Amino acid sequence: MLLKLFSALAFAVPALAVVGEWGQCGVCDTGLVCTYQNDYYWQCLKGTATTTTTTTTTSAATPTATPTGYVKTNGTRFTVNGARFNAVGTNSYWVGLGGYGDTDMNQAFADMAAAGATVVRTWGFNDVTTSTVSNYPIYYQLWNGSTPTVNTGATGLQKFDTVVKLAKANGLRLIVPLVNNWSDYGGMDVYVNAIAGSANHDLFYTNTAVKTAFKNYIKTFVSRYSTEAGIFAWELGNEPRCKGSTGTSTGTCTPATITAWATEISAYIKSIDANHLVAIGDEGFYNQPSNPSYPYQGGEGIDFDANLKISSIDFGTVHLYPSSWGQSDYTGWGNQWITDHATSMNTAKKPVLLEEFGVPDSTQSTVYTSWFNTVVSSGLTGDLIWQAGSIFSSGRTWDDGYAIYPDDPVYPLLKTHAAAIKARAT
């Protein structure tokens, strides 16, 4: 009822600006109609408006405005235009890389926004070679031997342009990692193999020619969006470690190696884009060798507290996968992990974002409820679940065992948690 009232009012108020395709209604531009997407969103789309009957008894929220201004930090908080910005949301690596059309991509972002998201983390990388390019509908950099070429065409950065546009149309900002530690979608090893002719993963952090090639990619990608309000932050990579998918390294990589690399690369990003925040994109591992718990020991080359002190790193990132890290007490161990990072946050006086987390399907509701309560009670800055799922006319998006679809029993829990994060005092 309120949704239909909102739609009617949108057409009745002449002072509203004309809204283009994919924008939130508004007065839709010529040839567009205000179309129902879900219980939170109506958008200006081509075609005939859809009349939808819903049985929900919850009042619909007013759609979020298209992002303006850049995200900044103030102590342990994020801000936009001087006001507190509450970061909560999800990951969707696949939304721009899966070869989906604009309608499906828009639906995906609408599903995320309807769950209360303000931020989405999505890949800003896909490195392919001449032998693998045919396997990917979308890629951002093509390697021909040791020569990389950024793909700025329709199957490359123009596609990412659409990702940014549709995210903004749904009131969402993007966190964008720029390379993968793992072999999925290319990763650091493509650089090392192509330039250094080596399988040693950690040369990505120390080889001068490799770092130069990465900086060249960063310059092209980041410069393209340096004034784009839809970008929340850049991340140096996804889950950087001393070792990658093959486990091969020089054996000389330590936490100091990755801290030095993070210092250099984050400063470089800042030199070409002063508007956006920069983070590492790491898992938040500590460097406490005597600690009996593996994620605290520093063996993967990450020192969370040292990295948080880097002046060109604006906020800390944390991941949480107890089932993959040898921890059987998902709830208790995860709550301690969150609490410990909140302590680090307060010590460093910088925001800390739990930007990936997940447990297997059967335990999700119970574990996530507890973790969400701890995020709120500890004051941790925010969180992004791994990962979003959508149901298109062609079927469901890929499920790795963690995906949360709109018909999943966990989906309402995400809405409740997002509301709790957004209710924090200004």
# chains A, B, ... in the order shown; residues from 1 in each chain; ligands from 1
>>> residues_around(residues="Ile302 (chain A)", least_positions_apart="4", cutoff="7 Å", atoms="only C-alpha atoms", output="VMD selection string")
chain A and resid 241 255 258 285 to 287 298
>>> write_last_selection(atoms="C-alpha atoms", output="PDB file, in the first residue's frame")
ATOM      1  CA  ARG A 241      49.509 -13.652   1.724  1.00  0.00           C
ATOM      2  CA  PRO A 255      54.927  -9.959   7.673  1.00  0.00           C
ATOM      3  CA  ILE A 258      53.840  -7.443   2.930  1.00  0.00           C
ATOM      4  CA  PHE A 285      45.670 -12.045  10.645  1.00  0.00           C
ATOM      5  CA  TYR A 286      47.770 -11.063  13.636  1.00  0.00           C
ATOM      6  CA  ASN A 287      51.514 -11.548  14.142  1.00  0.00           C
ATOM      7  CA  GLY A 298      51.679 -14.409  11.570  1.00  0.00           C
TER       8      GLY A 298
END
>>> select_by_dssp(residues="region 284-314 of chain A", states="alpha helix (DSSP H)", output="PyMOL selection string")
chain A and resi 304-308
>>> write_last_selection(atoms="N, CA and C atoms", output="compact mmCIF listing (two decimals), in the first residue's frame")
# COMPACT_ATOMS: atom_id res chain seq x y z
N PHE A 304 48.29 -7.50 11.32
CA PHE A 304 47.17 -6.57 11.27
C PHE A 304 47.47 -5.25 11.98
N ASP A 305 48.03 -5.33 13.17
CA ASP A 305 48.28 -4.11 13.93
C ASP A 305 49.32 -3.23 13.26
N ALA A 306 50.38 -3.85 12.71
CA ALA A 306 51.40 -3.07 12.02
C ALA A 306 50.83 -2.41 10.76
N ASN A 307 50.03 -3.15 10.04
CA ASN A 307 49.45 -2.61 8.80
C ASN A 307 48.49 -1.47 9.07
N LEU A 308 47.79 -1.54 10.19
CA LEU A 308 46.82 -0.49 10.51
C LEU A 308 47.51 0.83 10.84
>>> residues_around(residues="Leu236 (chain A)", least_positions_apart="4", cutoff="10 Å", atoms="only C-alpha atoms", output="ChimeraX atom specification")
/A:176-180,214,218,240,261-262,265-266,269,278-282,313
>>> write_last_selection(atoms="all heavy atoms", output="compact mmCIF listing (two decimals), in the first residue's frame")
# COMPACT_ATOMS: atom_id res chain seq x y z
N VAL A 176 36.58 -1.97 -3.97
CA VAL A 176 37.13 -2.63 -5.16
C VAL A 176 38.56 -3.09 -4.92
O VAL A 176 39.50 -2.28 -4.95
CB VAL A 176 37.09 -1.68 -6.37
CG1 VAL A 176 37.52 -2.40 -7.64
CG2 VAL A 176 35.68 -1.09 -6.55
N PRO A 177 38.80 -4.39 -4.70
CA PRO A 177 40.16 -4.92 -4.68
C PRO A 177 40.73 -4.97 -6.09
O PRO A 177 40.00 -5.23 -7.06
CB PRO A 177 40.00 -6.34 -4.11
CG PRO A 177 38.59 -6.41 -3.61
CD PRO A 177 37.80 -5.42 -4.40
N LEU A 178 42.04 -4.78 -6.24
CA LEU A 178 42.65 -4.59 -7.54
C LEU A 178 43.47 -5.79 -8.03
O LEU A 178 43.95 -5.77 -9.18
CB LEU A 178 43.52 -3.32 -7.52
CG LEU A 178 42.70 -2.04 -7.31
CD1 LEU A 178 43.61 -0.87 -6.97
CD2 LEU A 178 41.86 -1.73 -8.55
N VAL A 179 43.64 -6.82 -7.22
CA VAL A 179 44.32 -8.05 -7.65
C VAL A 179 43.94 -9.14 -6.66
O VAL A 179 43.58 -8.85 -5.52
CB VAL A 179 45.85 -7.86 -7.71
CG1 VAL A 179 46.46 -7.74 -6.32
CG2 VAL A 179 46.53 -8.98 -8.50
N ASN A 180 44.05 -10.38 -7.09
CA ASN A 180 43.70 -11.50 -6.22
C ASN A 180 44.97 -12.22 -5.75
O ASN A 180 45.91 -12.41 -6.53
CB ASN A 180 42.81 -12.50 -6.97
CG ASN A 180 41.98 -13.37 -6.03
OD1 ASN A 180 42.01 -13.19 -4.81
ND2 ASN A 180 41.24 -14.29 -6.60
N PHE A 214 52.03 -3.76 -11.92
CA PHE A 214 50.83 -3.62 -11.10
C PHE A 214 50.46 -2.14 -10.96
O PHE A 214 49.28 -1.77 -11.06
CB PHE A 214 51.05 -4.26 -9.74
CG PHE A 214 49.84 -4.27 -8.85
CD1 PHE A 214 48.57 -4.58 -9.33
CD2 PHE A 214 49.96 -3.96 -7.49
CE1 PHE A 214 47.45 -4.58 -8.51
CE2 PHE A 214 48.85 -3.98 -6.66
CZ PHE A 214 47.60 -4.28 -7.17
N ILE A 218 46.99 -0.25 -11.91
CA ILE A 218 46.32 0.61 -10.93
C ILE A 218 46.06 2.00 -11.52
O ILE A 218 44.96 2.55 -11.39
CB ILE A 218 47.17 0.73 -9.65
CG1 ILE A 218 47.15 -0.59 -8.87
CG2 ILE A 218 46.67 1.87 -8.77
CD1 ILE A 218 48.12 -0.62 -7.70
N PRO A 240 45.84 -10.78 0.45
CA PRO A 240 47.27 -10.98 0.20
C PRO A 240 47.93 -11.83 1.29
O PRO A 240 47.69 -11.63 2.47
CB PRO A 240 47.84 -9.55 0.19
CG PRO A 240 46.83 -8.72 0.93
CD PRO A 240 45.51 -9.35 0.64
N TRP A 261 55.30 -3.67 1.20
CA TRP A 261 54.58 -3.58 -0.07
C TRP A 261 53.31 -2.76 0.09
O TRP A 261 53.00 -1.90 -0.75
CB TRP A 261 54.25 -4.99 -0.55
CG TRP A 261 53.32 -5.08 -1.70
CD1 TRP A 261 53.62 -4.91 -3.03
CD2 TRP A 261 51.91 -5.36 -1.64
NE1 TRP A 261 52.49 -5.08 -3.80
CE2 TRP A 261 51.43 -5.36 -2.99
CE3 TRP A 261 51.02 -5.63 -0.62
CZ2 TRP A 261 50.09 -5.60 -3.30
CZ3 TRP A 261 49.69 -5.87 -0.93
CH2 TRP A 261 49.23 -5.85 -2.25
N ALA A 262 52.56 -3.00 1.15
CA ALA A 262 51.32 -2.27 1.38
C ALA A 262 51.59 -0.78 1.56
O ALA A 262 50.81 0.07 1.09
CB ALA A 262 50.59 -2.83 2.60
N ILE A 265 52.42 0.55 -2.14
CA ILE A 265 51.31 0.56 -3.10
C ILE A 265 50.18 1.48 -2.65
O ILE A 265 49.57 2.18 -3.47
CB ILE A 265 50.80 -0.87 -3.35
CG1 ILE A 265 51.92 -1.77 -3.89
CG2 ILE A 265 49.62 -0.85 -4.31
CD1 ILE A 265 52.51 -1.29 -5.21
N SER A 266 49.89 1.50 -1.36
CA SER A 266 48.83 2.40 -0.89
C SER A 266 49.21 3.85 -1.10
O SER A 266 48.36 4.68 -1.47
CB SER A 266 48.51 2.12 0.59
OG SER A 266 49.66 2.33 1.41
N ILE A 269 48.58 4.67 -4.77
CA ILE A 269 47.17 4.92 -5.07
C ILE A 269 46.77 6.31 -4.61
O ILE A 269 46.09 7.05 -5.33
CB ILE A 269 46.28 3.84 -4.42
CG1 ILE A 269 46.56 2.47 -5.05
CG2 ILE A 269 44.80 4.20 -4.58
CD1 ILE A 269 45.80 1.33 -4.39
N VAL A 278 41.65 4.01 1.01
CA VAL A 278 42.47 2.87 0.60
C VAL A 278 42.62 1.91 1.77
O VAL A 278 42.86 2.33 2.91
CB VAL A 278 43.86 3.33 0.12
CG1 VAL A 278 44.74 2.13 -0.23
CG2 VAL A 278 43.75 4.27 -1.07
N ALA A 279 42.44 0.62 1.49
CA ALA A 279 42.65 -0.43 2.48
C ALA A 279 43.46 -1.55 1.84
O ALA A 279 43.72 -1.53 0.62
CB ALA A 279 41.32 -0.96 3.00
N ILE A 280 43.86 -2.52 2.61
CA ILE A 280 44.69 -3.60 2.08
C ILE A 280 43.83 -4.71 1.48
O ILE A 280 44.16 -5.26 0.43
CB ILE A 280 45.62 -4.17 3.17
CG1 ILE A 280 46.62 -3.09 3.61
CG2 ILE A 280 46.37 -5.39 2.66
CD1 ILE A 280 47.54 -3.51 4.74
N GLY A 281 42.71 -5.06 2.13
CA GLY A 281 41.90 -6.18 1.67
C GLY A 281 42.35 -7.51 2.23
O GLY A 281 41.99 -8.57 1.72
N ASP A 282 43.12 -7.44 3.32
CA ASP A 282 43.65 -8.66 3.94
C ASP A 282 42.65 -9.27 4.90
O ASP A 282 41.59 -8.71 5.16
CB ASP A 282 44.95 -8.34 4.68
CG ASP A 282 44.72 -7.36 5.82
OD1 ASP A 282 44.38 -6.19 5.53
OD2 ASP A 282 44.84 -7.76 6.99
N ILE A 313 46.99 3.87 4.71
CA ILE A 313 45.91 2.90 4.87
C ILE A 313 44.85 3.53 5.77
O ILE A 313 45.12 3.86 6.92
CB ILE A 313 46.41 1.57 5.46
CG1 ILE A 313 47.35 0.86 4.49
CG2 ILE A 313 45.24 0.66 5.85
CD1 ILE A 313 46.71 0.46 3.17
>>> select_by_dssp(residues="region 26-265 of chain A", states="strand (DSSP E)", output="VMD selection string")
chain A and resid 27 to 28 32 to 38 41 to 46 71 to 74 77 to 80 83 to 85 88 to 91 119 to 121 127 to 129 141 to 144 147 to 150 173 to 177 231 to 235
>>> residues_around(residues="Val190 (chain A)", least_positions_apart="4", cutoff="9 Å", atoms="only C-alpha atoms", output="short mmCIF file (atom, residue, chain, number, x, y, z; two decimals) with all heavy atoms, in the first residue's frame")
data_model
loop_
_atom_site.label_atom_id
_atom_site.label_comp_id
_atom_site.auth_asym_id
_atom_site.auth_seq_id
_atom_site.Cartn_x
_atom_site.Cartn_y
_atom_site.Cartn_z
N ASP A 127 42.68 -11.00 -14.63
CA ASP A 127 43.85 -11.08 -15.49
C ASP A 127 43.81 -12.38 -16.28
O ASP A 127 43.83 -13.46 -15.68
CB ASP A 127 45.13 -11.02 -14.66
CG ASP A 127 45.40 -9.63 -14.13
OD1 ASP A 127 45.98 -8.83 -14.87
OD2 ASP A 127 45.01 -9.34 -12.97
N VAL A 128 43.75 -12.27 -17.59
CA VAL A 128 43.72 -13.45 -18.46
C VAL A 128 44.93 -13.44 -19.37
O VAL A 128 45.57 -12.40 -19.58
CB VAL A 128 42.43 -13.51 -19.30
CG1 VAL A 128 41.19 -13.52 -18.41
CG2 VAL A 128 42.36 -12.32 -20.26
N THR A 129 45.25 -14.59 -19.89
CA THR A 129 46.33 -14.71 -20.87
C THR A 129 45.73 -15.07 -22.22
O THR A 129 44.54 -15.36 -22.33
CB THR A 129 47.34 -15.80 -20.44
OG1 THR A 129 46.68 -17.07 -20.49
CG2 THR A 129 47.86 -15.54 -19.03
N TRP A 143 47.16 -10.60 -20.89
CA TRP A 143 48.61 -10.77 -20.95
C TRP A 143 48.99 -11.54 -22.21
O TRP A 143 48.53 -12.67 -22.43
CB TRP A 143 49.11 -11.53 -19.72
CG TRP A 143 49.03 -10.72 -18.46
CD1 TRP A 143 47.92 -10.49 -17.69
CD2 TRP A 143 50.10 -10.01 -17.83
NE1 TRP A 143 48.24 -9.69 -16.61
CE2 TRP A 143 49.57 -9.39 -16.67
CE3 TRP A 143 51.45 -9.85 -18.13
CZ2 TRP A 143 50.35 -8.62 -15.82
CZ3 TRP A 143 52.24 -9.09 -17.27
CH2 TRP A 143 51.68 -8.48 -16.14
N SER A 183 44.41 -17.84 -7.54
CA SER A 183 44.46 -17.98 -8.99
C SER A 183 43.13 -17.71 -9.67
O SER A 183 43.07 -17.57 -10.89
CB SER A 183 44.94 -19.39 -9.36
OG SER A 183 44.06 -20.37 -8.85
N GLY A 186 42.77 -14.88 -12.44
CA GLY A 186 44.15 -14.47 -12.73
C GLY A 186 45.02 -14.45 -11.49
O GLY A 186 45.65 -15.43 -11.14
N ALA A 194 54.52 -14.15 -15.75
CA ALA A 194 54.73 -13.47 -17.02
C ALA A 194 55.99 -12.61 -17.02
O ALA A 194 56.71 -12.55 -18.02
CB ALA A 194 53.52 -12.60 -17.35
N ILE A 195 56.27 -11.94 -15.93
CA ILE A 195 57.36 -10.96 -15.89
C ILE A 195 58.64 -11.55 -15.31
O ILE A 195 59.73 -11.37 -15.86
CB ILE A 195 56.94 -9.71 -15.10
CG1 ILE A 195 55.81 -8.99 -15.85
CG2 ILE A 195 58.12 -8.77 -14.87
CD1 ILE A 195 55.23 -7.81 -15.12
#
>>> closest_residue(among="A:Ser271, A:Thr252, A:Thr317, A:Thr220", to="Gly299 (chain A)", atoms="only C-alpha atoms")
A:Thr252
